[in-house]
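Chemist: Just passing along the structure, written as structure tokens.
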Amino acid sequence: MQYAISILLSGVSLGGQYALIAIGYTMVYGILRLINFAHGDVFMVAGLMMVYLTASLPLAASIPLVLVLTVLLGFIIERAAYKPLREAPRMSVMISAIGVSYLLQNLATYVTGGLPKMYPEIPGISNTITIAGVPTKVVTVVTPVLVLVLVLALTQLIHHTKVGMAMRAVAKDFETAQLMGIKINAVISVTFIIGSFLAAVGSVLYFTNYQSIVPLSGALPGLRAFVAAVFGGIGSIPGAVVGAFIIGISESVIKGSSWSIFSDAFTFALLIIILVVKPTGLFGEKVTDKV
Amino acid sequence: MLKIENLHVSYGGIQALRGISLEVPDGKIVTLIGANGAGKSTTLRTITGLVKASSGSIQWNGEELLGKSIDKIVGSGIAMSPEGRRVFADMSVVENLRIGAYLRTDKAEIEKDVQWVYSLFPRLEERSWQLAGTLSGGEQQMLAVGRALMSRPKLMMLDEPSLGLAPLVVQDIFSIIREINKQGVTVLLIEQNANMALKIADLAYVLETGNITMSGTGAELLADEKVREAYLGKNG
């Protein structure tokens with residue numbers, strides 16, 4: 001029983017961390033129809049920033065700085081690598097995204113010398129507490145709560161603010177949105193800013209569970225979060241969150257069983273199945289538009 | 001007043017507009033008629049800035065519009081109801097209207113204008129909370145017109161508002177266009193339904209393969225032999 005609780009707790013926590021990454025994938029896809037392959041690496045860079053910043057600054061300053069710098073990174077990537085390709089075929093933008101992904105990984109390898117970097121202990125969330133007789137890190141409990149708060153705030157933003165209305169309009173129809181006076185480049189930047197911010201939060205929560213971080217640390221969590229976004233129906237924020245929790249809990253359950261070596265195989269098999277059976281995912285867009 | 005001079009537009013290797021000049025005086029209804037592919041939509045899209053011109057000028061109350069960004073052009077009082085209506089299908093009717101007022105900040109006035117649009121189109125008020133994608137074609141057209149009105153335009157451009165609508169609905173739409181014009185909005189209308197368009201137009205231009213071949217008052221063109229033959233059917 002205790003074992004089951006501990007598996008579930010870590011699954012929910014992992015799912016929450018994937019959700020924060022998956023939202024970035026799904027929002028960018030929703031607006032640009034682009035799979036931003038660099039997103040997992042932005043997540044990794046946020047982790048490395050934390051390593052280097054805490055080396056010289058107190059935590060209270062490092063964490064906000066990591067959030068700000070990651071947002072800036074996401075903004076710059078979009079302006080430098082995607083915006084100039086706005087009129088280009090979608091494939092070109094995707095290739096550019098793959099390029100950014102490799103660029104970030106290799107820059108990280110250069111900066112770290114390819115060596116694993118110790119991830120700092122964050123007092124407060126790295127501490128251990130006991131829930132229902134199961135010892136666990138505070139972050140395990142903090143993550144789902146924080147995810148819930150952030151997702152609710154994001155939903156409010158999208159459905160009840162002017163910028164949210166503009167985002168929904170741009171996601172549906174670039175041209176008509178422009179005719180309303182909406183600046184699409186500004187809206188796209190906001191999307192990247194939100195996505196990068198959530199990835200940075202996810203990064204702090206995720207890497208707290210690990211001893212160290214390497215330049216490839218963003219690749220697998222990024223891919224799993226991407227699977228989660230596709231599973232939930234890419235373009236849909238609730239879909240990404242639900243998908244991420246399903247992937248996180250499944251991963252945790254399988255890792256806790258004797259099949260643990262197959263956990264990623266399971267995740268990617270799930271991707272194949274969903275693409276074959278229901279390509280639009282759980283909450284994917286239904287096409288109801290009238291012409 | 002909108003004044004287009006010697007406007008050339010080409011894209012994809014095709015010359016869509018070959019040096020057209022036309023005027024849209026304040027307070028009038030001006031119509032551009034012509035066959036498919038004559039360059040009518042291109043003209044409107046160039047005015048809004050969606051399409052870039054290769055040369056020429058578009059003066060709006062003395063100000064050059066070419067080279068300005070779309071939001072600046074919309075902000076200067078030009079609104080367009082695009083071809084095929086293009087309402088935001090998964091937003092409600094009232095949200096579609098509010099987004100039409102995106103550049104405005106006067107909240108109370110915006111709500112008043114929502115009511116004003118509802119008074120023009122009572123059908124929209126009944127469907128206020130319905131998703132725009134569930135409306136009929138005619139209702140979507142009304143919504144597209146209403147949405148464009150929400151920016152309080154001085155010049156309203158309509159791209160084929162009658163396309164695919166039942167004759168009765170077309171009459172409704174045209175009487176609303178007249179009503180909007182009476183309330184002081186200049187109208188630039190493009191239509192394949194030349195008969196209807198010429199009847200309400202103060203001024204009309206005929207566009208053929210990127211050139212303006214004829215112009216005059218609506219009544220003049222309506223009576224013109226060549227126009228009757230080409231656009232109205234011989235007995236039209």
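Labels for the structure tokens follow display order: chains A, B, ..., residues from 1 in each chain, ligands from 1.
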Can you pull out the residues contacting Glu95 in chain B? Cut-off 12 Å, using only C-alpha atoms, and skip same-chain residues under 5 positions away; I want them as a short mmCIF file (atom, residue, chain, number, x, y, z; two decimals) with C-alpha atoms, in the first residue's frame.

Modeler:
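The resulting file, out01.cif, is shown below:
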```
data_model
loop_
_atom_site.label_atom_id
_atom_site.label_comp_id
_atom_site.auth_asym_id
_atom_site.auth_seq_id
_atom_site.Cartn_x
_atom_site.Cartn_y
_atom_site.Cartn_z
CA HIS A 159 -10.29 33.14 -21.95
CA HIS A 160 -10.76 36.38 -20.08
CA THR A 161 -8.13 38.85 -21.20
CA LYS A 162 -7.57 40.82 -24.35
CA GLY A 164 -5.79 35.82 -24.56
CA MET A 165 -8.52 36.69 -27.03
CA ALA A 166 -5.83 37.79 -29.48
CA ARG A 168 -7.10 32.49 -29.75
CA ALA A 169 -7.77 34.60 -32.82
CA VAL B 87 -15.72 34.66 -38.40
CA PHE B 88 -13.87 33.08 -35.48
CA ALA B 89 -15.81 29.83 -35.40
CA ASP B 90 -15.03 28.76 -31.85
CA GLY B 100 -13.63 43.67 -33.77
CA ALA B 101 -13.01 46.47 -31.28
CA TYR B 102 -9.56 45.11 -30.43
CA ILE B 110 -17.57 49.30 -26.97
CA GLU B 111 -20.51 47.82 -25.07
CA VAL B 114 -22.29 45.94 -29.36
CA LEU B 124 -27.16 38.28 -33.68
CA ARG B 127 -27.51 34.20 -30.73
CA SER B 128 -25.16 36.29 -28.63
CA TRP B 129 -23.68 33.36 -26.65
CA GLN B 130 -23.73 30.86 -29.47
CA LEU B 131 -20.45 29.86 -31.10
CA ALA B 132 -20.04 31.66 -34.40
CA LEU B 143 -21.49 38.86 -37.86
CA ALA B 144 -18.57 39.61 -40.17
CA GLY B 146 -20.93 43.68 -37.39
CA ARG B 147 -17.42 42.74 -36.34
CA MET B 150 -17.01 47.42 -34.07
#
```

Chemist: Leaving out Val151 in chain A and any residue of its chain fewer than 3 positions from it, which residues lie within 9 Å of it when counting only C-alpha atoms, given as number ranges by chain?

Modeler: A: 20, 23, 146-148, 154-156, 237-238, 241

Chemist: Pick from A:Ala171, A:Ile131, A:Ala225, A:Ala265: nearest to Ser6 in chain A, with only C-alpha atoms counted?

Modeler: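 Of all the options, A:Ile131 lies closest to Ser6 in chain A.
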
Chemist: For chain A, which residues have at least one atom within 9 Å of chain B, if we go by only C-alpha atoms? Write them as number ranges by chain, please.

Modeler: A: 162, 165-166, 168-169, 172-173, 175-183, 288-291

Chemist: Can you tell me which residues surround Met91 in chain A at a distance of at most 12 Å, considering only C-alpha atoms, apart from same-chain residues fewer than 6 positions away, and format the answer as a PyMOL selection string?

Modeler: chain A and resi 32-36+82+85+97-98

Chemist: Go ahead and write the residues just picked, N, CA and C atoms, as a PDB file, in the first residue's frame.

Modeler:
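Wrote it out as result_34.pdb, contents follow:
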```pdb
ATOM      1  N   LEU A  32       1.509  28.499 -34.209  1.00  0.00           N
ATOM      2  CA  LEU A  32       2.369  28.486 -35.397  1.00  0.00           C
ATOM      3  C   LEU A  32       2.304  27.178 -36.184  1.00  0.00           C
ATOM      4  N   ARG A  33       1.586  26.177 -35.685  1.00  0.00           N
ATOM      5  CA  ARG A  33       1.611  24.844 -36.285  1.00  0.00           C
ATOM      6  C   ARG A  33       3.050  24.343 -36.384  1.00  0.00           C
ATOM      7  N   LEU A  34       3.828  24.682 -35.364  1.00  0.00           N
ATOM      8  CA  LEU A  34       5.247  24.324 -35.352  1.00  0.00           C
ATOM      9  C   LEU A  34       5.518  23.454 -34.133  1.00  0.00           C
ATOM     10  N   ILE A  35       6.225  22.338 -34.358  1.00  0.00           N
ATOM     11  CA  ILE A  35       6.705  21.558 -33.232  1.00  0.00           C
ATOM     12  C   ILE A  35       8.072  22.112 -32.871  1.00  0.00           C
ATOM     13  N   ASN A  36       8.120  22.783 -31.742  1.00  0.00           N
ATOM     14  CA  ASN A  36       9.318  23.510 -31.355  1.00  0.00           C
ATOM     15  C   ASN A  36      10.315  22.549 -30.708  1.00  0.00           C
ATOM     16  N   TYR A  82      12.747  31.721 -35.921  1.00  0.00           N
ATOM     17  CA  TYR A  82      11.436  31.366 -36.478  1.00  0.00           C
ATOM     18  C   TYR A  82      10.774  32.536 -37.211  1.00  0.00           C
ATOM     19  N   LEU A  85      11.262  33.203 -40.826  1.00  0.00           N
ATOM     20  CA  LEU A  85      10.730  32.149 -41.701  1.00  0.00           C
ATOM     21  C   LEU A  85       9.204  32.144 -41.723  1.00  0.00           C
ATOM     22  N   ALA A  97      14.039  24.738 -36.083  1.00  0.00           N
ATOM     23  CA  ALA A  97      13.867  24.376 -34.669  1.00  0.00           C
ATOM     24  C   ALA A  97      14.829  23.257 -34.272  1.00  0.00           C
ATOM     25  N   ILE A  98      15.006  22.296 -35.181  1.00  0.00           N
ATOM     26  CA  ILE A  98      15.956  21.210 -34.897  1.00  0.00           C
ATOM     27  C   ILE A  98      17.362  21.802 -34.780  1.00  0.00           C
TER      28      ILE A  98
END
```

Chemist: With DSSP run on the backbone, what are the helix (DSSP H, G or I) residues within range 66-263 of chain A? I'd like them as a PyMOL selection string.

Modeler: chain A and resi 66-85+90-112+138-160+162-172+174-179+184-207+219-232+237-255+260-263

Chemist: Contacts of Asp172 in chain B at 10 Å or less, counting only C-alpha atoms, minus same-chain residues fewer than 3 places along, as an mmCIF file with N, CA and C atoms, in the first residue's frame?

Modeler:
```
data_model
loop_
_atom_site.group_PDB
_atom_site.id
_atom_site.type_symbol
_atom_site.label_atom_id
_atom_site.label_comp_id
_atom_site.auth_asym_id
_atom_site.auth_seq_id
_atom_site.Cartn_x
_atom_site.Cartn_y
_atom_site.Cartn_z
ATOM 1 N N PHE B 121 -28.644 44.120 -36.439
ATOM 2 C CA PHE B 121 -28.850 42.692 -36.721
ATOM 3 C C PHE B 121 -29.466 41.995 -35.506
ATOM 4 N N GLY B 138 -25.812 33.214 -43.665
ATOM 5 C CA GLY B 138 -26.276 34.601 -43.638
ATOM 6 C C GLY B 138 -25.954 35.264 -42.310
ATOM 7 N N MET B 142 -23.617 38.509 -41.416
ATOM 8 C CA MET B 142 -24.016 39.636 -40.575
ATOM 9 C C MET B 142 -22.975 39.864 -39.488
ATOM 10 N N SER B 162 -22.413 38.955 -50.528
ATOM 11 C CA SER B 162 -23.604 38.174 -50.904
ATOM 12 C C SER B 162 -23.263 36.742 -51.308
ATOM 13 N N PRO B 167 -31.303 34.702 -51.866
ATOM 14 C CA PRO B 167 -31.675 36.039 -52.342
ATOM 15 C C PRO B 167 -32.293 36.940 -51.269
ATOM 16 N N LEU B 168 -33.136 36.384 -50.422
ATOM 17 C CA LEU B 168 -33.758 37.206 -49.386
ATOM 18 C C LEU B 168 -32.730 37.736 -48.402
ATOM 19 N N VAL B 169 -31.786 36.859 -48.058
ATOM 20 C CA VAL B 169 -30.742 37.255 -47.117
ATOM 21 C C VAL B 169 -29.855 38.325 -47.743
ATOM 22 N N SER B 175 -29.628 46.027 -47.570
ATOM 23 C CA SER B 175 -30.330 47.141 -46.932
ATOM 24 C C SER B 175 -29.556 47.599 -45.694
ATOM 25 N N ILE B 176 -28.872 46.660 -45.044
ATOM 26 C CA ILE B 176 -28.035 47.050 -43.902
ATOM 27 C C ILE B 176 -26.842 47.891 -44.372
ATOM 28 N N ILE B 177 -26.270 47.521 -45.519
ATOM 29 C CA ILE B 177 -25.150 48.302 -46.048
ATOM 30 C C ILE B 177 -25.594 49.746 -46.281
#
```

Chemist: Identify, on the basis of only C-alpha atoms, every residue whose closest approach to Ile77 in chain A does not exceed 12 Å; exclude the query and any residue fewer than 2 positions from it along the same chain; express the result as an NGL selection string.

Modeler: :A and (36-39 or 41-42 or 70-75 or 79-84 or 93 or 96-101 or 103-104 or 188-189 or 192-193 or 196)

Chemist: Could you name the residues that touch range 31-41 of chain B at 8 Å or less, counting only C-alpha atoms, but leaving out those on the same chain fewer than 5 positions away, as a VMD selection string?

Modeler: chain B and resid 16 to 17 83 159 188 to 192 194 197 to 198 201 203 to 211 231

Chemist: What does the file look like for those residues with N, CA and C atoms, as an mmCIF file, in the first residue's frame?

Modeler:
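Done, and the output landed in selection.cif:
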```
data_model
loop_
_atom_site.group_PDB
_atom_site.id
_atom_site.type_symbol
_atom_site.label_atom_id
_atom_site.label_comp_id
_atom_site.auth_asym_id
_atom_site.auth_seq_id
_atom_site.Cartn_x
_atom_site.Cartn_y
_atom_site.Cartn_z
ATOM 1 N N ALA B 16 -1.432 41.222 -60.760
ATOM 2 C CA ALA B 16 -2.846 41.216 -60.377
ATOM 3 C C ALA B 16 -3.497 42.571 -60.628
ATOM 4 N N LEU B 17 -2.768 43.638 -60.379
ATOM 5 C CA LEU B 17 -3.278 44.976 -60.663
ATOM 6 C C LEU B 17 -2.262 45.701 -61.537
ATOM 7 N N GLU B 83 -13.688 38.237 -47.577
ATOM 8 C CA GLU B 83 -14.373 37.253 -48.408
ATOM 9 C C GLU B 83 -14.493 35.944 -47.635
ATOM 10 N N ASP B 159 -16.018 42.492 -48.907
ATOM 11 C CA ASP B 159 -15.579 41.622 -49.989
ATOM 12 C C ASP B 159 -16.631 40.534 -50.208
ATOM 13 N N LEU B 188 -16.895 50.741 -49.371
ATOM 14 C CA LEU B 188 -16.300 50.259 -50.610
ATOM 15 C C LEU B 188 -16.672 48.786 -50.724
ATOM 16 N N LEU B 189 -17.449 48.489 -51.759
ATOM 17 C CA LEU B 189 -18.073 47.176 -51.851
ATOM 18 C C LEU B 189 -17.577 46.466 -53.100
ATOM 19 N N ILE B 190 -17.174 45.224 -52.975
ATOM 20 C CA ILE B 190 -16.916 44.475 -54.195
ATOM 21 C C ILE B 190 -17.877 43.301 -54.280
ATOM 22 N N GLU B 191 -18.330 43.058 -55.463
ATOM 23 C CA GLU B 191 -19.447 42.141 -55.663
ATOM 24 C C GLU B 191 -19.372 41.463 -57.019
ATOM 25 N N GLN B 192 -19.814 40.229 -57.053
ATOM 26 C CA GLN B 192 -20.074 39.618 -58.355
ATOM 27 C C GLN B 192 -21.525 39.828 -58.738
ATOM 28 N N ALA B 194 -23.479 42.069 -59.625
ATOM 29 C CA ALA B 194 -23.333 43.441 -60.106
ATOM 30 C C ALA B 194 -24.647 44.206 -60.038
ATOM 31 N N ALA B 197 -25.247 45.466 -56.533
ATOM 32 C CA ALA B 197 -24.212 46.419 -56.140
ATOM 33 C C ALA B 197 -24.420 47.754 -56.839
ATOM 34 N N LEU B 198 -24.692 47.711 -58.152
ATOM 35 C CA LEU B 198 -24.847 48.960 -58.903
ATOM 36 C C LEU B 198 -26.071 49.734 -58.446
ATOM 37 N N ALA B 201 -25.006 51.715 -55.422
ATOM 38 C CA ALA B 201 -23.741 52.443 -55.468
ATOM 39 C C ALA B 201 -23.915 53.871 -55.961
ATOM 40 N N LEU B 203 -21.102 55.396 -56.874
ATOM 41 C CA LEU B 203 -20.010 55.427 -57.823
ATOM 42 C C LEU B 203 -19.569 53.987 -58.062
ATOM 43 N N ALA B 204 -19.254 53.675 -59.330
ATOM 44 C CA ALA B 204 -18.882 52.288 -59.604
ATOM 45 C C ALA B 204 -17.712 52.221 -60.581
ATOM 46 N N TYR B 205 -16.904 51.213 -60.412
ATOM 47 C CA TYR B 205 -15.778 50.962 -61.310
ATOM 48 C C TYR B 205 -15.873 49.534 -61.811
ATOM 49 N N VAL B 206 -15.518 49.338 -63.069
ATOM 50 C CA VAL B 206 -15.469 47.981 -63.613
ATOM 51 C C VAL B 206 -14.008 47.582 -63.737
ATOM 52 N N LEU B 207 -13.678 46.438 -63.169
ATOM 53 C CA LEU B 207 -12.304 45.960 -63.175
ATOM 54 C C LEU B 207 -12.208 44.736 -64.082
ATOM 55 N N GLU B 208 -11.256 44.794 -65.023
ATOM 56 C CA GLU B 208 -11.040 43.634 -65.904
ATOM 57 C C GLU B 208 -9.561 43.323 -65.960
ATOM 58 N N THR B 209 -9.199 42.110 -65.638
ATOM 59 C CA THR B 209 -7.803 41.645 -65.619
ATOM 60 C C THR B 209 -6.810 42.720 -65.169
ATOM 61 N N GLY B 210 -7.102 43.275 -64.018
ATOM 62 C CA GLY B 210 -6.140 44.191 -63.406
ATOM 63 C C GLY B 210 -6.206 45.622 -63.891
ATOM 64 N N ASN B 211 -7.153 45.932 -64.760
ATOM 65 C CA ASN B 211 -7.308 47.310 -65.228
ATOM 66 C C ASN B 211 -8.722 47.801 -64.981
ATOM 67 N N TYR B 231 -22.042 41.742 -67.407
ATOM 68 C CA TYR B 231 -22.219 41.439 -65.984
ATOM 69 C C TYR B 231 -23.657 41.246 -65.539
#
```

Chemist: Contacts of Pro215 in chain A at 9 Å or less, counting only C-alpha atoms, minus same-chain residues fewer than 2 places along, as a VMD selection string?

Modeler: chain A and resid 41 44 to 45 48 104 to 109 112 114 to 116 213 217 to 219

Chemist: Determine which residues of range 100-191 of chain B receive a DSSP assignment of strand (DSSP E or B), computed from the backbone, and state them as a list in words.

Modeler: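 These are the residues in question: Leu131, Leu155, Met156, Met157, Leu158, Asp159, Thr186, Val187, Leu188, Leu189, Ile190 and Glu191 of chain B.
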
Chemist: Would you mind telling me which residue in A:Val163, A:Val277, A:Ala19, A:Leu216 lies nearest to Leu150 in chain A when using only C-alpha atoms?

Modeler: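 Closest to Leu150 in chain A, using only C-alpha atoms: A:Ala19.
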
Chemist: Interatomic distance between CA of Phe283 in chain A and CA of Ser203 in chain A?

Modeler: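 Straight-line distance from CA of Phe283 in chain A to CA of Ser203 in chain A works out to 25.7 Å.
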